[in-house]
Structures are given as structure tokens and as C-alpha cells.
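Trainee: This is the structure I want to talk about, given as C-alpha cells.
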Amino acid sequence: MSSSRVERTVRATAVAGWGRGPLVETDLITGETLAAAQAATASADGLIARGSGRAYGDAAIGARQTLDVTPLDRMRSFDPETGRLTVEAGVLLADIIRAFSPHGFFPGVLPGTRFVTVGGAIAADIHGKNHHRDGGFGECVESLVLATAAGDTLRLSRSEQPSLFAATIGGMGLTGTILEATLRLRRIETGWIRQRTIVAKDLAEVLAALDENDAATYSVAWIDGLAKGQALGRSLVFLGEHAGLRDLSPRAARTVFPPMDEPRLGVPVDLPSLTLNHFSISAFNAIYYRHGAWKAGSPFLVPAGAFFFPLDGVAAWNRIYGARGFVQHQCVLPLDTAPQTLAEMLGRIAARGDASFLAVLKKLGRGSGLLSFPMPGYTLALDFPMTRGLVDFLGEMDQIVTAAGGRIYLAKDAWQSRATFEAGYPAATEFRAIRRAIDPHGRLRSRLSERLGL
Amino acid sequence: MDPAAARPDPTARVLLVLGGTSDIGRATALAFAEDGWTIQLAGRDLDALQREADDIATRTGVTVSVHRFDVLDTPSFPAFVDALPALPQTVVCVVGLLGEQARAQDDPDHAATVMRTNYEGPALVLGLLANRFLQRGHGTIVGVSSVAGDRGRASNYVYGSAKAGFSAFLSGLRNRTASSGVHVLTVKPGFVRTRMTRGMALPGALTASPTLVGQQIRDAATKRKDVVYIYPSWRLIMGVIKAIPEGVFKKKKL
């Protein structure tokens with residue numbers, strides 16, 4: 001209520017992605033209102049919008065300026081007849097779940113954390129465990145409002161400027177700053193998931209299990225990245241369906257929509273870099289695999305929060321890798337080349353013996369946007385603690401991915417080369433042409449776009 | 001999708017927020033709305049109020065109305081209260097202006113604005129509402145004051161003195177209404193992460209989120225508490241600061 005209400009602040013600071021490196025100097029601009037964010041975009045000088053900062057690498061760090069859109073966190077309207085929700089771009093998926101899941105509505109696509117903004121989810125065209133069936137986040141976006149570097153505020157949809165709409169979905173914020181979006185929520189009867197676990201003893205089994213369960217709404221595999229030889233690729237495949245009221249046990253029926261708690265655990269300090277080593281992760285993987293195998297077979301009920309966001313219970317879990325940070329490497333490989341390519345990648349990773357705490361394999365369908373990451377195939381995501389020689393090793397991985405006709409996920413990336421990018425994203429040429437038309441002087445630029453020449 | 005409709009008597013549960021576009025005002029309104037209260041948001045900027053009103057209504061399904069209110073325009077207060085769609089059950093005043101201490105020392109107009117925004121306006125409007133509540137026989141008055149009012153310090157005493165006056169006003173009003181159905185709650189938040197403090201280095205363990213402040217205001221109002229600090233440690237800290245003899249205190253930079 002002050003007479004000099006601050007609409008916009010600028011301060012020099014250093015920011016990094018969720019992987020905690022590289023740490024980059026930038027002017028952090030905080031836009032308190034849609035008008036302030038629009039004005040900052042209109043006067044951009046090497047600017048990119050940033051939401052929750054959950055992109056792992058340098059996607060949400062501006063070449064010179066970074067526009068913090070988290071204050072744009074107001075919801076605008078909701079129509080319970082259609083499930084259409086209009087929100088400002090800084091609203092978190094967690095806010096949407098909290099407000100609407102008790103009334104039977106749920107985001108159509110959820111990534112591994114609910115603490116991402118709607119703007120970020122669109123810019124990265126994020127995928128969830130249902131991508132093979134329902135597509136990416138862009139599929140639930142009916143329309144959006146984009147502030148451009150030229151100072152315009154445009155409404156985009158599949159019928160209004162469709163090519164710019166397609167370029168903005170998965171466009172990493174480079175077409176403009178997303179101010180608002182209208183999403184279509186899906187109906188749910190309960191907040192429970194009927195989960196089924198399948199044990200896969202090796203890579204062939206896990207790929208077969210994913211293929212056989214194309215009809216499942218949600219499917220994802222956890223891979224033991226340290227398993228070698230005959231056990232290479234041993235996995236647990238998790239399948240899930242939204243439970244209906246009839247599916248609930250009497251006990252579960254007492255809480256039809258179990259609340260998703262705030263993170264209870266935190267990682268208040270950087271853990272020593274040795275915390276996650278070959279032995280601790282190897283031990284964890286062995287226990288996790290046996291535990292999963294023990295629960296495999298018949299379906300059981302889990303709260304949606306536990307199914308979708310196992311890591312959200314621990315705030316700042318990225319600190320477990322210590323101050324040196326970590327790199328996540330996520331690629332997608334086409335259906336035909338994936339089996340032998342995955343075998344080669346997993347073999348090299350296991351031989352290197354580097355501990356990967358999180359290793360996920362998932363089947364993807366077609367992407368929604370021009371520059372979207374997904375393609376029909378399998379995606380493999382792996383965490384690597386930042387160690388000497390890692391970047392070279394990832395370069396070798398990238399060469400394998402390129403040779404197989406795959407690509408690297410821009411929201412996770414901090415290290416791929418321009419050659420890897422160009423080979424993986426043939427639509428980049430068309431994307432550049434659209435960008436040139438809407439931002440001829442290239443005033444919207446991120447560290448990622450400069451690194452990749454995008 | 002309308003939780004308010006399921007409540008037995010939604011008209012009895014109406015919250016008025018004076019300063020509805022502030023971070024604490026927004027969070028307090030949301031906390032009450034999540035319990036099904038009807039919300040009246042008051043402030044100077046109707047567009048900014050409407051943005052908050054749409055947000056709260058979308059998230060919670062309750063009815064939210066917006067009302068123009070300028071805390072410096074004291075003669076307008078009776079008309080403002082009369083124009084409300086219903087006399088609220090609870091009013092929360094979060095209006096405040098930190099101002100600039102150095103400027104306030106040399107510029108009497110700035111000092112007067114800080115004093116009027118933090119003391120005169122809030123006290124007068126809450127006094128007016130207290131009279132209406134007493135006539136009706138019930139109601140809850142919540143004033144958001146500040147730990148800065150607990151003792152004057154060189155770094156912010158113009159603001160602090162106005163908050164001290166506001167705290168004393170609330171204390172006296174509580175004393176006056178104690179035997180009636182009207183309750184008065186004083187809230188001293190301490191450091192809060194808001195637009196006002198963005199970019200400042202604040203001690204993490206003592207700094208609250210607006211959401212926490214809003215929930216605590218709702219809970220303290222429900223439990224008819226008298227004076228609350230958001231973190232209990234603030235009560236201890238301010239107790240120690242108040243206990244330091246003036247002869248010692250005046251030489252300290254606190």
C-alpha cells in the first residue's frame with residue numbers, strides 16, 4: 001500500500017540452473033505485474049524470462065538480463081464446465097493441484113516436480129509419465145499471451161498465429177515472455193493412483209514392458225545405472241492409472257483427495273561430495289530394486305503426490321551432490337535405433353562406474369511444438385555428479401545420440417555442442433526464421449541460445 | 001466448484017482487508033477464503049485489487065468484491081464503510097508505509113505521510129468500524145503493527161513511532177471492548193519476504209513468508225488471541241530490546 005509501490009526492481013546477481021552450475025552473472029529484473037514484465041521484454045537487451053529455476057542448465061539465464069516472472073502468480077478464471085483455467089505464467093503447477101484437485105481437476109501433464117511455473121512448462125514443452133499417450137504440456141495449452149521484444153502483446157493459439165504458437169511451445173522463451181496461458185485440466189475422480197510395478201531383469205525386458213503397456217496412462221522405468229553384464233538395464237517399470245471411487249479401499253476412501261504436503265525434509269547445507277559415491281548408490285540401487293520387486297505384481301494405491309513427485313518431499317535435493325553440483329543428461333532416441341544405442345550408452349556408463357542417483361527410461365510420443373524435445377522413441381535421463389572428465393564423457397554420449405538420430409533435452413542441457421544440437425533439432429532453421437521475424441535484433445537471448453547459436 | 005455455497009451461513013463470515021494489494025493482505029485474504037469466507041478487498045488501486053480478487057475467487061470459489069479506499073483520505077471513511085455490501089465480521093488492516101528514515105528527518109511532509117499512513121488512518125478507520133461492531137454486538141478487529149513500534153531506533157523511528165501509536169491504540173481499543181463481543185488482535189510480523197523487502201538481506205530463521213503470516217492471522221483471530229508475533233523468538237528478542245536501560249540503548253546501533 002505504499003505510495004511508491006515498486007513495480008520493477010533490477011539487481012546484479014549470479015544465478016545458476018537446478019544443476020547448480022555454471023553460476024552466471026546477470027541483471028535480475030523482477031516484474032511485479034504483467035505490465036512490468038511486458039515493459040521489461042519490450043526494452044530487452046539480451047533478456048530471457050525465468051520461472052522457478054528448475055531448468056538444470058543455462059536455459060533460464062539471460063545473456064545479460066534475466067526476468068523473474070515468479071511474481072506473476074495470479075490465477076485469472078476457471079470454468080468448471082469445461083475445465084478451462086486461465087493463469088498468469090508464474091503460477092506453479094503445485095498451486096493448480098492444490099486449488100483444483102480437491103474439486104476433481106488435475107493438470108493434464110506433470111513433470112517430476114510440481115514446483116515449476118506454467119510459463120516454464122510451456123517454454124520447455126515439458127513431458128510427463130503419460131507422454132506416450134497424451135503428448136506434452138503444450139497439448140493442454142489452449143491459448144497464451146506473449147509479450148514480444150517489439151513491445152506487442154499477442155494472443156496465440158492453434159487458430160491465432162499458429163506458427164508463432166507452435167514456436168513458443170518448447171521455444172525456451174526465445175519468441176517472447178509468456179504472460180498468461182489458458183489450460184485445459186483433466187477430470188479425476190480421486191487423488192489416488194493405481195500403481196503396478198513390473199520387474200525387468202535386463203534392457204530387452206524393460207523395453208518390451210514399456211511397449212506392451214502403451215495403453216497405460218502413465219508409465220516410466222527406473223534403471224539401475226550400475227548394473228552390468230547380463231543385468232545391464234535391469235529396471236522397475238511403474239505403471240499408473242487414476243483411481244476411480246470404486247477402486248478405493250475403505251481406508252483410502254476416507255481421504256478421497258490426499259493433500260500433497262509441503263516438503264518436510266530439507267537439505268540445509270551442501271553435503272560432502274563423497275556422500276553419493278559408487279558404493280552408496282550401488283547399495284541404494286540394490287535395496288530399491290529388491291523393494292520394488294517385492295511390491296511387483298498386483299496393483300496398489302498410492303497418493304498422486306507420491307507417484308508423480310517422489311523427490312518433492314525433499315526441498316533443495318540438488319544439494320545432495322555437494323557444492324560442485326551435477327549434470328543431468330537427457331536424450332531421446334528414435335524407436336528403431338534405441339535398443340542397441342541404449343545398450344551401448346548404459347554399458348559405457350556402467351563401465352565408467354560413475355554413480356547416477358536418478359536414472360529414468362520413458363517412452364515418448366510426438367512433440368507439440370516446433371522445437372519440442374520429444375519424438376517417438378525412448379528417453380533416458382541420468383544424473384552425473386560434476387567430476388573431472390565428465391564433460392568429455394558426456395561429449396562421447398552425445399556423439400552416440402547423434403549417430404542414432406536422437407537429441408538432447410534443452411531444459412536439462414548445459415554442455416552439448418552446436419553440432420549435436422543442429423543434428424538433433426532440424427527444425428532449428430525454421431525456428432530461427434520465426435525468431436528473426438518477431439525479434440529482428442535478437443534482443444531476447446539466453447545463455448543457452450548464445451551457446452547453441454539458436 | 002463453490003465451497004462457499006455449502007457453508008451454512010456465508011453472510012456471517014465476511015472479511016474486509018484494508019490494504020488488499022499488499023503481500024500480507026493478499027495472503028490473509030487467501031487464508032480466510034480457503035476457509036470459505038466472503039472477501040472484501042479495499043485499497044487505492046482498483047485494477048490491482050481486481051487482479052487479487054480474480055486470483056482469490058479462482059483459487060477458492062468464494063465471492064470477492066473490491067472497494068476503493070485511501071487511508072490518507074480520512075473524511076471519506078464513513079462513506080466507505082456505508083458503501084460496503086455488508087458490515088464485515090472481521091476486518092484486517094495491513095496498510096503501512098515504511099518510508100525513508102533519512103528523508104523523514106528533513107522533510108516534514110514525508111514524515112507526516114509516514115505517520116498518517118501507519119497511525120492516523122488505520123486508527124481512525126478501525127475506530128469507526130469498532131463502533132459499528134459494538135452497535136451490532138460482535139466483530140473482530142485485526143491491526144497489523146510492527147516490532148519496530150516496540151522501541152524507537154535511530155534507523156526507523158518515524159515509522160516505528162507511528163506503529164507504536166497504532167499498537168497503543170489497538171491495546172486501548174481491546175481494553176475498551178473486552179467486555180463486549182468485539183475482539184481486537186494486534187499482529188507484529190517481524191521480517192516478512194514481501195515486495196517491500198525484496199532484495200534486502202534478511203535473517204532466514206526470523207523471516208516469515210506472507211503465506212505463513214496470513215495463516216497465523218486467520219488462526220489467531222479465530223482463537224481470539226490479543227497480541228501475536230509470527231515467530232515466538234520475536235517476542236523474546238523484543239522483550240530483551242525493551243529491557244535494555246535507555247542510557248545503554250541510546251549508545252547502541254541496533
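By order in the C-alpha cells, chains are A, B, ...; within a chain, residues start at 1; ligands start at 1, following the order shown.
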Output as a ChimeraX atom specification the set of chain A residues within 7 Å of chain B, with distances taken over only C-alpha atoms.
Mentor: /A:1-2,74-78,80,99,103
Trainee: Excluding same-chain residues fewer than 6 positions from segment 24-29 of chain A, what lies within 12 Å of it counting only C-alpha atoms, as a ChimeraX atom specification?
Mentor: /A:6-17,36-41,43-51,57-71,446-448 /B:198-199
Trainee: Residues within 8 Å of Thr217 of chain A, please, as a ChimeraX atom specification. Count only C-alpha atoms; anything in the same chain fewer than 2 positions from it doesn't count.
Mentor: /A:129-130,133,214-215,219,239-241
Trainee: Restricting it to N, CA and C atoms, dump the selection as a compact mmCIF listing (two decimals), in the first residue's frame.
Mentor:
```
# COMPACT_ATOMS: atom_id res chain seq x y z
N LYS A 129 4.74 -38.65 -17.37
CA LYS A 129 4.71 -40.11 -17.50
C LYS A 129 3.65 -40.57 -18.50
N ASN A 130 2.81 -39.64 -18.98
CA ASN A 130 1.77 -40.00 -19.96
C ASN A 130 2.10 -39.50 -21.37
N ARG A 133 1.07 -41.32 -24.54
CA ARG A 133 -0.36 -41.38 -24.84
C ARG A 133 -0.96 -40.01 -25.11
N ASP A 214 1.71 -49.66 -23.75
CA ASP A 214 1.41 -48.39 -24.41
C ASP A 214 0.04 -47.84 -24.01
N ALA A 215 -0.86 -48.75 -23.63
CA ALA A 215 -2.22 -48.32 -23.29
C ALA A 215 -2.29 -47.73 -21.89
N SER A 219 3.45 -44.36 -17.55
CA SER A 219 4.46 -45.41 -17.48
C SER A 219 5.84 -44.78 -17.47
N LEU A 239 3.71 -48.42 -13.64
CA LEU A 239 2.54 -48.06 -14.44
C LEU A 239 1.51 -47.45 -13.50
N GLY A 240 0.75 -46.50 -14.01
CA GLY A 240 -0.25 -45.89 -13.14
C GLY A 240 -1.50 -45.50 -13.90
N GLU A 241 -2.63 -45.60 -13.19
CA GLU A 241 -3.93 -45.14 -13.70
C GLU A 241 -4.57 -44.31 -12.59
```
Trainee: Among segment 14-235 of chain B, which residues carry a DSSP assignment of strand (DSSP E or B), reported as a PDB file with C-alpha atoms, in the first residue's frame?
Mentor:
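As a result, out_19.pdb now contains:
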```pdb
ATOM      1  CA  VAL B  14     -17.182 -11.743   5.720  1.00  0.00           C
ATOM      2  CA  LEU B  15     -13.614 -10.461   5.891  1.00  0.00           C
ATOM      3  CA  LEU B  16     -12.617  -6.902   4.995  1.00  0.00           C
ATOM      4  CA  VAL B  17      -8.949  -6.408   4.129  1.00  0.00           C
ATOM      5  CA  LEU B  18      -7.691  -2.827   4.219  1.00  0.00           C
ATOM      6  CA  THR B  38     -16.506 -13.992   1.639  1.00  0.00           C
ATOM      7  CA  ILE B  39     -13.822 -11.386   0.979  1.00  0.00           C
ATOM      8  CA  GLN B  40     -13.932  -7.589   0.605  1.00  0.00           C
ATOM      9  CA  LEU B  41     -10.644  -6.144  -0.658  1.00  0.00           C
ATOM     10  CA  ALA B  42     -10.034  -2.441  -0.144  1.00  0.00           C
ATOM     11  CA  GLY B  43      -7.231  -0.254  -1.443  1.00  0.00           C
ATOM     12  CA  VAL B  64     -14.629 -11.402  -3.622  1.00  0.00           C
ATOM     13  CA  SER B  65     -15.546  -7.724  -4.009  1.00  0.00           C
ATOM     14  CA  VAL B  66     -13.237  -4.717  -4.424  1.00  0.00           C
ATOM     15  CA  HIS B  67     -13.626  -1.283  -2.821  1.00  0.00           C
ATOM     16  CA  ARG B  68     -11.713   1.936  -3.254  1.00  0.00           C
ATOM     17  CA  THR B  90     -13.688  -9.371  10.730  1.00  0.00           C
ATOM     18  CA  VAL B  91     -11.518  -6.526   9.476  1.00  0.00           C
ATOM     19  CA  VAL B  92      -7.768  -6.824   8.936  1.00  0.00           C
ATOM     20  CA  CYS B  93      -5.776  -3.624   8.435  1.00  0.00           C
ATOM     21  CA  GLY B 139     -16.844  -8.470  15.348  1.00  0.00           C
ATOM     22  CA  THR B 140     -13.079  -8.920  15.200  1.00  0.00           C
ATOM     23  CA  ILE B 141     -10.552  -6.166  14.527  1.00  0.00           C
ATOM     24  CA  VAL B 142      -7.047  -7.123  13.433  1.00  0.00           C
ATOM     25  CA  GLY B 143      -4.334  -4.486  13.206  1.00  0.00           C
ATOM     26  CA  VAL B 144      -1.015  -5.391  11.623  1.00  0.00           C
ATOM     27  CA  VAL B 182     -15.857  -7.300  19.892  1.00  0.00           C
ATOM     28  CA  HIS B 183     -12.327  -8.631  19.865  1.00  0.00           C
ATOM     29  CA  VAL B 184      -9.104  -6.811  18.973  1.00  0.00           C
ATOM     30  CA  LEU B 185      -5.944  -8.581  17.773  1.00  0.00           C
ATOM     31  CA  THR B 186      -2.540  -6.937  17.338  1.00  0.00           C
ATOM     32  CA  VAL B 187      -0.115  -8.660  14.927  1.00  0.00           C
ATOM     33  CA  LYS B 188       3.613  -7.875  14.876  1.00  0.00           C
ATOM     34  CA  PHE B 191      10.639  -9.581   8.907  1.00  0.00           C
ATOM     35  CA  VAL B 192       8.448 -10.782   6.039  1.00  0.00           C
ATOM     36  CA  THR B 207      11.887 -14.055   8.194  1.00  0.00           C
ATOM     37  CA  ALA B 208       8.366 -15.280   7.506  1.00  0.00           C
ATOM     38  CA  VAL B 227      -1.044  -9.895  20.590  1.00  0.00           C
ATOM     39  CA  VAL B 228       0.848 -12.263  18.295  1.00  0.00           C
ATOM     40  CA  TYR B 229       4.366 -12.293  16.914  1.00  0.00           C
TER      41      TYR B 229
END
```
Trainee: If we count only C-alpha atoms and set the cut-off at 10 Å, which residues sit around segment 72-78 of chain B, ignoring sequence neighbours fewer than 3 positions away in its own chain? Please answer as a PyMOL selection string.
Mentor: chain B and resi 69+81-83+113+116-118+120-122+124-126+128-129
Trainee: Write out the residues from the selection above, keeping C-alpha atoms, as a PDB file, in the first residue's frame.
Mentor:
```pdb
ATOM      1  CA  PHE B  69     -10.115   3.061  -0.021  1.00  0.00           C
ATOM      2  CA  VAL B  81     -17.910   1.805   5.445  1.00  0.00           C
ATOM      3  CA  ASP B  82     -21.523   2.602   4.496  1.00  0.00           C
ATOM      4  CA  ALA B  83     -20.904   1.551   0.894  1.00  0.00           C
ATOM      5  CA  THR B 113       2.743  10.851   5.295  1.00  0.00           C
ATOM      6  CA  ARG B 116      -0.626   9.325   8.848  1.00  0.00           C
ATOM      7  CA  THR B 117      -0.374   6.129   6.795  1.00  0.00           C
ATOM      8  CA  ASN B 118       0.798   3.979   9.683  1.00  0.00           C
ATOM      9  CA  GLU B 120      -3.777   8.184  11.885  1.00  0.00           C
ATOM     10  CA  GLY B 121      -5.627   6.493   9.009  1.00  0.00           C
ATOM     11  CA  PRO B 122      -5.543   2.910  10.356  1.00  0.00           C
ATOM     12  CA  LEU B 124      -9.436   6.176  12.628  1.00  0.00           C
ATOM     13  CA  VAL B 125     -10.901   3.596  10.271  1.00  0.00           C
ATOM     14  CA  LEU B 126     -10.605   0.778  12.810  1.00  0.00           C
ATOM     15  CA  LEU B 128     -15.051   3.712  13.198  1.00  0.00           C
ATOM     16  CA  LEU B 129     -15.502   0.005  12.463  1.00  0.00           C
TER      17      LEU B 129
END
```
Trainee: Using only C-alpha atoms, which protein or nucleic acid residues come within 8 Å of Val213 of chain B? Drop anything in the same chain fewer than 3 positions from it, and give the result as a PDB file with C-alpha atoms, in the first residue's frame.
Mentor:
```
ATOM      1  CA  ILE B  24       0.322  -9.794   3.580  1.00  0.00           C
ATOM      2  CA  ALA B  27      -2.114 -13.901   1.857  1.00  0.00           C
ATOM      3  CA  THR B  28      -4.534 -13.131   4.697  1.00  0.00           C
ATOM      4  CA  PRO B 189       5.050  -9.799  11.954  1.00  0.00           C
ATOM      5  CA  ALA B 208       8.366 -15.280   7.506  1.00  0.00           C
ATOM      6  CA  SER B 209       6.586 -15.846   4.208  1.00  0.00           C
ATOM      7  CA  PRO B 210       3.404 -13.817   3.590  1.00  0.00           C
ATOM      8  CA  GLN B 216      -1.335 -17.133  11.529  1.00  0.00           C
ATOM      9  CA  ILE B 217      -3.535 -14.035  11.371  1.00  0.00           C
ATOM     10  CA  ILE B 230       4.688 -14.560  13.867  1.00  0.00           C
TER      11      ILE B 230
END
```
Trainee: Can you pull out the residues contacting segment 289-300 of chain A? Cut-off 8 Å, using only C-alpha atoms, and skip same-chain residues under 2 positions away; I want them as a PyMOL selection string.
Mentor: chain A and resi 194-199+224+235-236+285-287+302
Trainee: Could you check how far atom CA of Val360 of chain A sits from atom CA of Tyr378 of chain A, in Å to one decimal?
Mentor: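 Distance between the two atoms: 10.2 Å.
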Trainee: As JSON, numbers by chain, which residues of segment 66-226 of chain B does DSSP assign to alpha helix (DSSP H)?
Mentor: {"B": [77, 78, 79, 80, 81, 82, 83, 101, 102, 103, 104, 105, 106, 108, 109, 110, 111, 112, 113, 114, 115, 121, 122, 123, 124, 125, 126, 127, 128, 129, 130, 131, 132, 133, 134, 135, 136, 157, 158, 159, 160, 161, 162, 163, 164, 165, 166, 167, 168, 169, 170, 171, 172, 173, 174, 175, 176, 177, 210, 211, 212, 213, 214, 215, 216, 217, 218, 219, 220, 221, 222]}
Trainee: By how many Å are atom CA of Ala351 of chain A and atom CA of Phe393 of chain A apart?
Mentor: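 Atom CA of Ala351 of chain A sits 11.8 Å away from atom CA of Phe393 of chain A.
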Trainee: So the first atom is atom CA of Ala86 of chain B and the second is atom CA of Arg13 of chain B; what is the distance between them in Å, to one decimal place?
Mentor: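 Spanning atom CA of Ala86 of chain B to atom CA of Arg13 of chain B is a straight-line distance of 10.2 Å.
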